[in-house]
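*Asks:* Dumping the structure here so I can ask a few things about it.
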Amino acid sequence: MSTFDKSTLIRMLKQAEANIDTEHEALSKLDALTGDGDHGITIQRTMNAVGKALDDGMDKPLADLLKAVAMKVMMCDGGSTSPLLGSYFLGLASAATADELTAAQTAALFQAGLDNFSKTSKAKLGDKTMMDALLPATEALVQALHDGGDIPSAFSAASAAAAQGAEKTKDYVAKLGRARTMGQRAIGHYDPGAVSISHIFRGFAEAVN
Amino acid sequence: MSTFDKSTLIRMLKQAEANIDTEHEALSKLDALTGDGDHGITIQRTMNAVGKALDDGMDKPLADLLKAVAMKVMMCDGGSTSPLLGSYFLGLASAATADELTAAQTAALFQAGLDNFSKTSKAKLGDKTMMDALLPATEALVQALHDGGDIPSAFSAASAAAAQGAEKTKDYVAKLGRARTMGQRAIGHYDPGAVSISHIFRGFAEAVN
Amino acid sequence: MKKFINDPTHLTAELLEGMAMAYPQKIKLESEKLVCRAKPKSADKVALVTLGGSGHEPALQGWVGTGMLDISVVGDIFAAPGPPKVLEAFQKVKREAGILLVTLNHAGDVMSADMAKQMAEAEGITVKEIITTEEIRPSADEEGRGLGGCMLVYKIAGAAAEKGMTLDDVYRIGDKVNKNMATIAVLSEIATHPSTGGECGEMGEQEMEICAGQHGEGGGVRMDMKSSKDTAELLAGKVVEKLGLTKGDEILLMVNGSGKTTLMEMLITFRDAAKFFEAKGIKVVRGETGEFLTVQEAAGYQLIALKFDAETKALWDAPCDTPYYTVA
Amino acid sequence: MKKFINDPTHLTAELLEGMAMAYPQKIKLESEKLVCRAKPKSADKVALVTLGGSGHEPALQGWVGTGMLDISVVGDIFAAPGPPKVLEAFQKVKREAGILLVTLNHAGDVMSADMAKQMAEAEGITVKEIITTEEIRPSADEEGRGLGGCMLVYKIAGAAAEKGMTLDDVYRIGDKVNKNMATIAVLSEIATHPSTGGECGEMGEQEMEICAGQHGEGGGVRMDMKSSKDTAELLAGKVVEKLGLTKGDEILLMVNGSGKTTLMEMLITFRDAAKFFEAKGIKVVRGETGEFLTVQEAAGYQLIALKFDAETKALWDAPCDTPYYTVA
Ligand SMILES: Nc1ncnc2c1ncn2[C@@H]1O[C@H](COP(=O)(O)OP(=O)(O)O)[C@@H](O)[C@H]1O
Ligand SMILES: Nc1ncnc2c1ncn2[C@@H]1O[C@H](COP(=O)(O)OP(=O)(O)O)[C@@H](O)[C@H]1O
Ligand SMILES: [Mg+2]
Ligand SMILES: [Mg+2]
Ligand SMILES: [Mg+2]
Ligand SMILES: [Mg+2]
């Protein structure tokens, strides 16, 4: 497969949701080490909201569907997760110019997601946040599509980059989020939000491969 | 020794205090099983108040000394223990007609203690309270003195009767005090107050033997 | 026992000092263990006195102030204060209008109060006494202890006294509250004695006890731990029975946490109990949820209900101003 | 985890229902997670809104009512509510006089508030925001979180709003409170998450942590458990430093228990801290000791102090009437 359309994106998000359903307990345990122990709950609640919004809005044009997803995500009490992913989906929605997208448009879609996420997040690379997975994943995706890669291999590259980014958070001191106050003691622990993003991108890759 | 005087009574009470100092932790543990776990604290506090009042009032006539003891006992926050033993000492004081007492007067002294204790206590034999030790101890003492026994053997008899009385509380359901509400579940546990009284009478016997 | 304390033998003295320092506008400490109003009530009004051991904060001294208690005579941890100190309180507030003494039904408190009353009478001081016995026991012929419901007597009789009612009326109203209220306790984890660190009793991993006392002295009925709803309905059912509540009755409902139980649990419990009453047509017209009479870090709560009439309801709503209960 | 709860996924909904049923004279619940005043404030006065996760009862919704908050937007356990719900609160109280939003400095709350404010502005609703950051951190260049001190902002800015002051003034006063207050937390036992039963962090048998956060997320300084006095003096010393308190200054001192810590310990702590301040000539002119912002059954407390001036002191004393804080 090499086209990217609404149904592809729906399949990708559903697979991401399934991965989070599997991983949420481990994610809460990670958050217990550097935060308040609830990230598994909030990310699962958020991804389930995504799934629900997709089911309810199947027939809408992609932009409207993504806007509905964003609203649903922001409606759930997701701590940091819900405004961050809400912003991400609003960003995606803003670039969803059609229900079927070219490679360049697909790259632009995910770039817009990252851009709007960044506005809310304000995180830089190395701050030990979701950004550490989302930024390299998006860059890898955009680069691969720009270099003419097909959809499956582009998302595989993105997934690998997200996983690598999440892995690196182990060595960081947190600059944002609840873990900020832990200082050096955060070193050695993964950032749960970054790990979530890597599970989500792994889901994207699994859905198209 | 066969006379009973103020200094004898002081020695007896001091020995009783020493016994309670040794036993207070075990008494709190008993109270934890059927009450609120503080009887060791309250009886020790009470007996220490007795010791303190004796030291402070050595030179007073016996009746005044016992009144001072009673006030000091009642001034300490002793839960059930402080009004009960306060009444006991007030009773003793009321019959302390001289600083040196005949056998008959000694019997009357302890009988008066029991009588005034009973007014506050209202307990009957078998109610699983201090009464179960104090009543038989006093009866044995009075009987022995009446039968012409000397002071040491009379207090030995009283001590044995107190111990036996305390032992029996194991088989009783409590009718008064905090253990009242335990019903059948109190069976198998000693009443801490009765055990205290037996330690006190053991001290009396030790002091004169 | 991991606690923020200093000398375990000075707990009561230090906590009272702390309360007096935190609320100097409302209370003051006299002769070490008498907690008195900062601004005494005028002498033509009935005075309210109570007594009891410490370790149950904010009870009882937390309710000294306008519209509630005049003096709380504080004993050491879980231990009734001795009779002379109670007498001292009577001497301090003696007045023509008279004194109402409220005693919780526990052996030590009752005996201390009794001796103090006799001493007061010998000095010509008149004291009327209400012994609170509102606890629901497993069998109806057992006499109940005095649990958290005392707070309702202080509040309502206190408001009556503040209004200038006679001792007879204040007594009548307080007695009516005692007779129309019911408290039932549930315990799921037992307290430690803060001076000795000893546990007051023992309890299984998945066990709870209803009709439990305040200190883990037992005497209740043990059963498997239940959900909030099942527990609340079990307890509320016994309240309905004891007070003979029927459709149209109006009640005050109070959930009084024992210490460790979170306010979250108490609020959920309030909801479950209130729904149970409402389903029977019994109207929950006033409510309180929080820690009133605690027992250190015991887990569990007391469900307290009062069947209102117009008089007690109006007095419940009357203003009061104490460190731990204020009505604006 | 032995708790009186029902469905662990409905904790927040049920506890809010319980609070609304217990205090219908003071609050009402709208669209599930907006806790609003039972009698709305008149439209010519500034409205106060706040937001935050549940699990910290009685905070934050326990302070909705006359003289304090107009709406508390409640998120699920320890989780900020999403932006649209905050927007809904703004829409509900929008008015010429304006809205003051008080946000505690935690990542989720700040981001949610920020998005909601942008949405509100797009609709022409003006909102001024105070982000509370009064926490004392181990090093002075770290930005503090918003802990229990928020209650002081609600009370004092709320009183200003109730008096009919302009948004600028209400903001100025609230901001002054934020800048003149300090909170330092000590934690000795960690909470469990009430939905998952998981422990939020870990802590040694004889360990305590100062500058600890609200949920056991760490970031403080660990040390051996200390006595009440030593702990209180350590914390109070840091408060003196942060607020630059000197002889003659007047402060409000608050000891806010985290959940498991008994009121006995808090009162002893209040005494020890107050004596420390008084010895330096700093006058503790107002006090509060109790559970304000809790974290389930965590043990420990927050020591909160506000350096008063005449304006903030008078507003602190102004009447208010909410479920969990009342000034007569
Ligand atoms: N400003 C931010 N930018 C990106 N990610 C952030 C930011 N703040 C927090 N996060 C992420 O949020 C995660 C925690 O999410 P969650 O546990 O749901 O929220 P909370 O911290 O409010 O409990 C962190 O692991 C981190 O990855
Ligand atoms: N009415 C009574 N008569 C005699 N002894 C009593 C009575 N009530 C209680 N007691 C005694 O008091 C003991 C408990 O004393 P203590 O623990 O000091 O007081 P509290 O029960 O108030 O905590 C009981 O073991 C019992 O022996
Ligand atoms: Mg978290
Ligand atoms: Mg006892
Ligand atoms: Mg006791
Ligand atoms: Mg959270």
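By convention here, the chains of the structure tokens are called A, B, ... in the order presented, each chain's residues are numbered starting at 1, and ligands are numbered starting at 1 in the order presented.
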Residues at most 6 Å from ligand 5, using only C-alpha atoms and all ligand atoms? Could they come as an NGL selection string?

*Replies:* (:B and (36 or 38 or 79)) or (:C and (78-79))

*Asks:* Step by step, measure atom-to-atom distances between ligand 2 and each residue using only C-alpha atoms and all ligand atoms, keep those at most 6 Å, then write them as a list in words.

*Replies:*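 Those within range of ligand 2 are Asp36, Asp38, His39, Thr42, Gly78, Gly79, Ser80, Thr81, Ser121, Lys122, Ala123, Thr129, Met130, Met131, Leu176, Gly177, Arg178, Asp191, Pro192, Gly193 and Ala194 of chain B; Ala79, Ala107 and Gly108 of chain C.
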
*Asks:* Would you kindly return, as number ranges by chain, each protein, DNA or RNA residue with an atom no farther than 10 Å from any atom of region 159-171 of chain B, considering only C-alpha atoms and excluding same-chain residues fewer than 2 positions away?

*Replies:* B: 125-141, 153-157, 173-174, 184, 186-206

*Asks:* Return chain A as a short mmCIF file (atom, residue, chain, number, x, y, z; two decimals) with C-alpha atoms, in the first residue's frame, after superposing it on chain B by a least-squares fit that covers all C-alpha atoms paired in order.

*Replies:*
```
data_model
loop_
_atom_site.label_atom_id
_atom_site.label_comp_id
_atom_site.auth_asym_id
_atom_site.auth_seq_id
_atom_site.Cartn_x
_atom_site.Cartn_y
_atom_site.Cartn_z
CA MET A 1 5.83 -8.17 112.46
CA SER A 2 2.27 -8.00 113.62
CA THR A 3 1.37 -4.35 114.11
CA PHE A 4 0.01 -2.29 111.31
CA ASP A 5 0.99 1.36 111.09
CA LYS A 6 1.48 4.21 108.69
CA SER A 7 5.00 3.21 107.73
CA THR A 8 3.86 -0.35 107.01
CA LEU A 9 1.17 0.91 104.71
CA ILE A 10 3.65 3.20 102.96
CA ARG A 11 6.02 0.29 102.40
CA MET A 12 3.17 -1.82 101.07
CA LEU A 13 2.03 0.81 98.62
CA LYS A 14 5.58 1.43 97.42
CA GLN A 15 6.02 -2.26 96.74
CA ALA A 16 2.70 -2.31 94.89
CA GLU A 17 3.92 0.63 92.79
CA ALA A 18 7.15 -1.22 92.01
CA ASN A 19 5.20 -4.27 90.85
CA ILE A 20 3.05 -2.15 88.55
CA ASP A 21 6.15 -0.45 87.15
CA THR A 22 7.38 -3.90 86.16
CA GLU A 23 4.09 -5.12 84.77
CA HIS A 24 2.63 -2.09 82.98
CA GLU A 25 3.51 -3.16 79.46
CA ALA A 26 1.91 -6.55 79.90
CA LEU A 27 -1.17 -4.84 81.34
CA SER A 28 -1.53 -2.57 78.30
CA LYS A 29 -1.27 -5.63 76.09
CA LEU A 30 -4.07 -7.29 78.03
CA ASP A 31 -6.19 -4.15 77.64
CA ALA A 32 -5.53 -4.14 73.88
CA LEU A 33 -7.37 -7.45 73.69
CA THR A 34 -10.56 -6.37 75.42
CA GLY A 35 -10.29 -2.60 75.79
CA ASP A 36 -8.39 0.37 74.42
CA GLY A 37 -4.87 -0.77 75.21
CA ASP A 38 -4.02 1.78 77.85
CA HIS A 39 -4.60 0.16 81.22
CA GLY A 40 -0.87 -0.29 81.81
CA ILE A 41 -0.41 3.42 81.28
CA THR A 42 -3.28 4.47 83.52
CA ILE A 43 -2.53 2.10 86.38
CA GLN A 44 1.15 3.02 86.30
CA ARG A 45 0.30 6.70 86.21
CA THR A 46 -2.07 6.14 89.13
CA MET A 47 0.39 4.15 91.24
CA ASN A 48 3.15 6.65 90.51
CA ALA A 49 0.77 9.34 91.75
CA VAL A 50 0.32 7.27 94.91
CA GLY A 51 4.09 7.07 95.34
CA LYS A 52 4.50 10.79 94.78
CA ALA A 53 1.74 11.68 97.23
CA LEU A 54 3.33 9.42 99.84
CA ASP A 55 6.72 11.09 99.40
CA ASP A 56 5.18 14.54 99.62
CA GLY A 57 2.97 13.80 102.61
CA MET A 58 5.08 11.44 104.79
CA ASP A 59 4.62 13.63 107.85
CA LYS A 60 0.87 13.95 107.73
CA PRO A 61 -1.38 11.86 109.92
CA LEU A 62 -2.49 8.68 108.12
CA ALA A 63 -6.00 9.91 107.35
CA ASP A 64 -4.73 13.12 105.77
CA LEU A 65 -2.02 11.25 103.94
CA LEU A 66 -4.56 8.87 102.42
CA LYS A 67 -6.81 11.79 101.49
CA ALA A 68 -3.84 13.42 99.73
CA VAL A 69 -3.15 10.13 97.95
CA ALA A 70 -6.78 9.97 96.81
CA MET A 71 -6.71 13.52 95.47
CA LYS A 72 -3.48 12.90 93.59
CA VAL A 73 -4.89 9.69 92.13
CA MET A 74 -8.05 11.43 90.97
CA MET A 75 -6.03 14.29 89.50
CA CYS A 76 -4.33 12.01 87.04
CA ASP A 77 -6.20 11.11 83.89
CA GLY A 78 -6.61 7.47 84.57
CA GLY A 79 -9.65 6.53 82.53
CA SER A 80 -11.70 4.19 84.71
CA THR A 81 -8.75 3.58 87.00
CA SER A 82 -8.48 6.99 88.57
CA PRO A 83 -12.04 7.43 89.89
CA LEU A 84 -12.06 3.79 91.05
CA LEU A 85 -8.78 3.91 92.96
CA GLY A 86 -9.52 7.47 94.05
CA SER A 87 -12.68 6.16 95.70
CA TYR A 88 -10.72 3.31 97.23
CA PHE A 89 -8.23 5.66 98.88
CA LEU A 90 -10.99 8.00 100.05
CA GLY A 91 -12.57 4.95 101.66
CA LEU A 92 -9.29 4.00 103.35
CA ALA A 93 -8.88 7.58 104.55
CA SER A 94 -12.34 7.59 106.10
CA ALA A 95 -11.39 4.66 108.38
CA ALA A 96 -7.84 5.69 109.20
CA THR A 97 -8.68 6.60 112.76
CA ALA A 98 -5.05 6.55 113.95
CA ASP A 99 -1.52 6.14 112.63
CA GLU A 100 -1.21 2.77 114.32
CA LEU A 101 -4.03 0.31 114.01
CA THR A 102 -5.15 -2.86 115.77
CA ALA A 103 -5.98 -5.93 113.74
CA ALA A 104 -9.68 -5.09 113.91
CA GLN A 105 -9.03 -1.51 112.84
CA THR A 106 -6.86 -2.74 109.99
CA ALA A 107 -9.66 -5.00 108.83
CA ALA A 108 -12.08 -2.07 109.07
CA LEU A 109 -9.67 0.13 107.09
CA PHE A 110 -9.58 -2.19 104.10
CA GLN A 111 -13.28 -2.94 104.36
CA ALA A 112 -13.97 0.82 104.14
CA GLY A 113 -11.75 1.01 101.07
CA LEU A 114 -13.76 -1.72 99.38
CA ASP A 115 -17.06 -0.16 100.41
CA ASN A 116 -16.28 3.21 98.92
CA PHE A 117 -14.79 1.60 95.82
CA SER A 118 -18.07 -0.29 95.40
CA LYS A 119 -20.08 2.93 95.46
CA THR A 120 -18.28 4.21 92.38
CA SER A 121 -17.83 0.84 90.74
CA LYS A 122 -21.30 -0.67 91.15
CA ALA A 123 -19.73 -3.90 89.86
CA LYS A 124 -20.82 -7.30 91.08
CA LEU A 125 -18.61 -10.35 91.38
CA GLY A 126 -18.25 -11.93 87.95
CA ASP A 127 -18.66 -8.68 86.00
CA LYS A 128 -15.04 -9.02 84.88
CA THR A 129 -13.68 -5.94 86.62
CA MET A 130 -11.26 -4.96 89.39
CA MET A 131 -13.97 -6.03 91.78
CA ASP A 132 -13.27 -9.68 90.97
CA ALA A 133 -9.85 -9.33 92.61
CA LEU A 134 -10.54 -6.62 95.17
CA LEU A 135 -13.57 -8.21 96.79
CA PRO A 136 -12.09 -11.69 97.48
CA ALA A 137 -8.78 -10.10 98.54
CA THR A 138 -10.51 -7.88 101.07
CA GLU A 139 -12.71 -10.69 102.33
CA ALA A 140 -9.71 -12.97 102.80
CA LEU A 141 -7.83 -10.22 104.62
CA VAL A 142 -10.71 -9.39 106.93
CA GLN A 143 -11.37 -13.06 107.62
CA ALA A 144 -7.72 -13.81 108.40
CA LEU A 145 -7.43 -10.84 110.76
CA HIS A 146 -10.70 -11.78 112.39
CA ASP A 147 -9.45 -15.34 112.88
CA GLY A 148 -6.40 -13.94 114.67
CA GLY A 149 -3.95 -14.26 111.84
CA ASP A 150 -0.93 -11.98 111.90
CA ILE A 151 -0.39 -9.18 109.36
CA PRO A 152 2.04 -11.07 107.09
CA SER A 153 -0.11 -14.15 106.78
CA ALA A 154 -3.30 -12.09 106.40
CA PHE A 155 -1.82 -10.20 103.43
CA SER A 156 -0.50 -13.42 101.96
CA ALA A 157 -4.03 -14.80 102.09
CA ALA A 158 -5.36 -11.60 100.52
CA SER A 159 -2.75 -11.75 97.78
CA ALA A 160 -3.60 -15.35 97.00
CA ALA A 161 -7.31 -14.53 96.87
CA ALA A 162 -6.68 -11.56 94.55
CA ALA A 163 -4.61 -13.73 92.22
CA GLN A 164 -7.31 -16.38 92.20
CA GLY A 165 -9.98 -13.78 91.53
CA ALA A 166 -8.01 -12.29 88.65
CA GLU A 167 -7.45 -15.76 87.24
CA LYS A 168 -11.18 -16.39 87.18
CA THR A 169 -11.91 -13.30 85.09
CA LYS A 170 -10.69 -15.34 82.12
CA ASP A 171 -13.95 -17.24 82.15
CA TYR A 172 -16.25 -14.22 82.47
CA VAL A 173 -18.22 -12.12 80.04
CA ALA A 174 -17.74 -8.44 80.96
CA LYS A 175 -20.75 -6.59 82.34
CA LEU A 176 -19.06 -3.24 82.92
CA GLY A 177 -16.14 -1.26 81.51
CA ARG A 178 -15.00 -1.12 77.90
CA ALA A 179 -14.96 -4.90 77.56
CA ARG A 180 -18.74 -4.98 78.18
CA THR A 181 -19.52 -4.78 74.48
CA MET A 182 -17.34 -7.75 73.57
CA GLY A 183 -19.88 -10.27 74.80
CA GLN A 184 -18.71 -13.88 74.51
CA ARG A 185 -15.54 -12.77 72.76
CA ALA A 186 -14.15 -11.56 76.08
CA ILE A 187 -14.01 -15.14 77.32
CA GLY A 188 -10.45 -16.42 77.39
CA HIS A 189 -8.99 -13.00 78.17
CA TYR A 190 -8.00 -11.74 81.63
CA ASP A 191 -9.49 -8.50 82.85
CA PRO A 192 -6.53 -6.10 83.05
CA GLY A 193 -7.93 -4.18 86.03
CA ALA A 194 -8.35 -7.36 88.07
CA VAL A 195 -4.82 -8.41 87.18
CA SER A 196 -3.56 -5.00 88.36
CA ILE A 197 -5.30 -5.40 91.69
CA SER A 198 -3.66 -8.79 92.09
CA HIS A 199 -0.22 -7.25 91.43
CA ILE A 200 -1.01 -4.58 94.03
CA PHE A 201 -2.02 -7.10 96.69
CA ARG A 202 1.00 -9.21 95.84
CA GLY A 203 3.04 -6.10 96.56
CA PHE A 204 1.27 -5.67 99.90
CA ALA A 205 2.16 -9.24 100.86
CA GLU A 206 5.74 -8.94 99.65
CA ALA A 207 6.25 -5.78 101.73
CA VAL A 208 5.22 -7.40 104.99
CA ASN A 209 6.75 -10.83 104.49
#
```

*Asks:* What is the CA of Val86 (chain C)-CA of Asp168 (chain C) distance in Å, reported with one decimal?

*Replies:*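 Those two atoms sit 21.4 Å apart.
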
*Asks:* Give me, as a PyMOL selection string, the residues of chain D touching chain A, with the criterion being at most 9 Å (counting only C-alpha atoms).

*Replies:* chain D and resi 52-53+74-85+106-112+114-115+137+142-145+193+196+198-202+212-220

*Asks:* Identify every residue of chain D that has at least one atom within 6 Å of any atom of chain C, counting only C-alpha atoms, and report the result as a list in words.

*Replies:*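 The selection requested is Phe4, Ile5, Asn6, Glu14, Leu15, Gly18, Met19, Ala22, Glu57, Ser227, Ser228, Lys260, Thr262, Leu263, Met264, Glu265, Leu267, Ile268, Phe270, Arg271, Gly287, Glu288, Gln296 and Ala328 of chain D.
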
*Asks:* State, in Å with one decimal place, the distance from CA of Leu245 (chain D) to CA of Met181 (chain D).

*Replies:*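 Taking CA of Leu245 (chain D) and CA of Met181 (chain D), their separation equals 10.9 Å.
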
*Asks:* List every residue of region 74-296 of chain D that DSSP, applied to the backbone of this structure, places in helix (DSSP H, G or I), and write the result as a ChimeraX atom specification.

*Replies:* /D:83-93,107-122,150-162,167-180,228-243,263-279

*Asks:* Please identify all polymer residues within 9 Å of region 160-167 of chain D, counting only C-alpha atoms, omitting same-chain residues fewer than 3 positions from it, and present them as a ChimeraX atom specification.

*Replies:* /D:41,44-48,66-68,97-100,128,155-157,170-174,315

*Asks:* Just to confirm, what's the straight-line distance from CA of Gly65 (chain D) to CA of Gly158 (chain D) in Å (one decimal)?

*Replies:* 9.4 Å
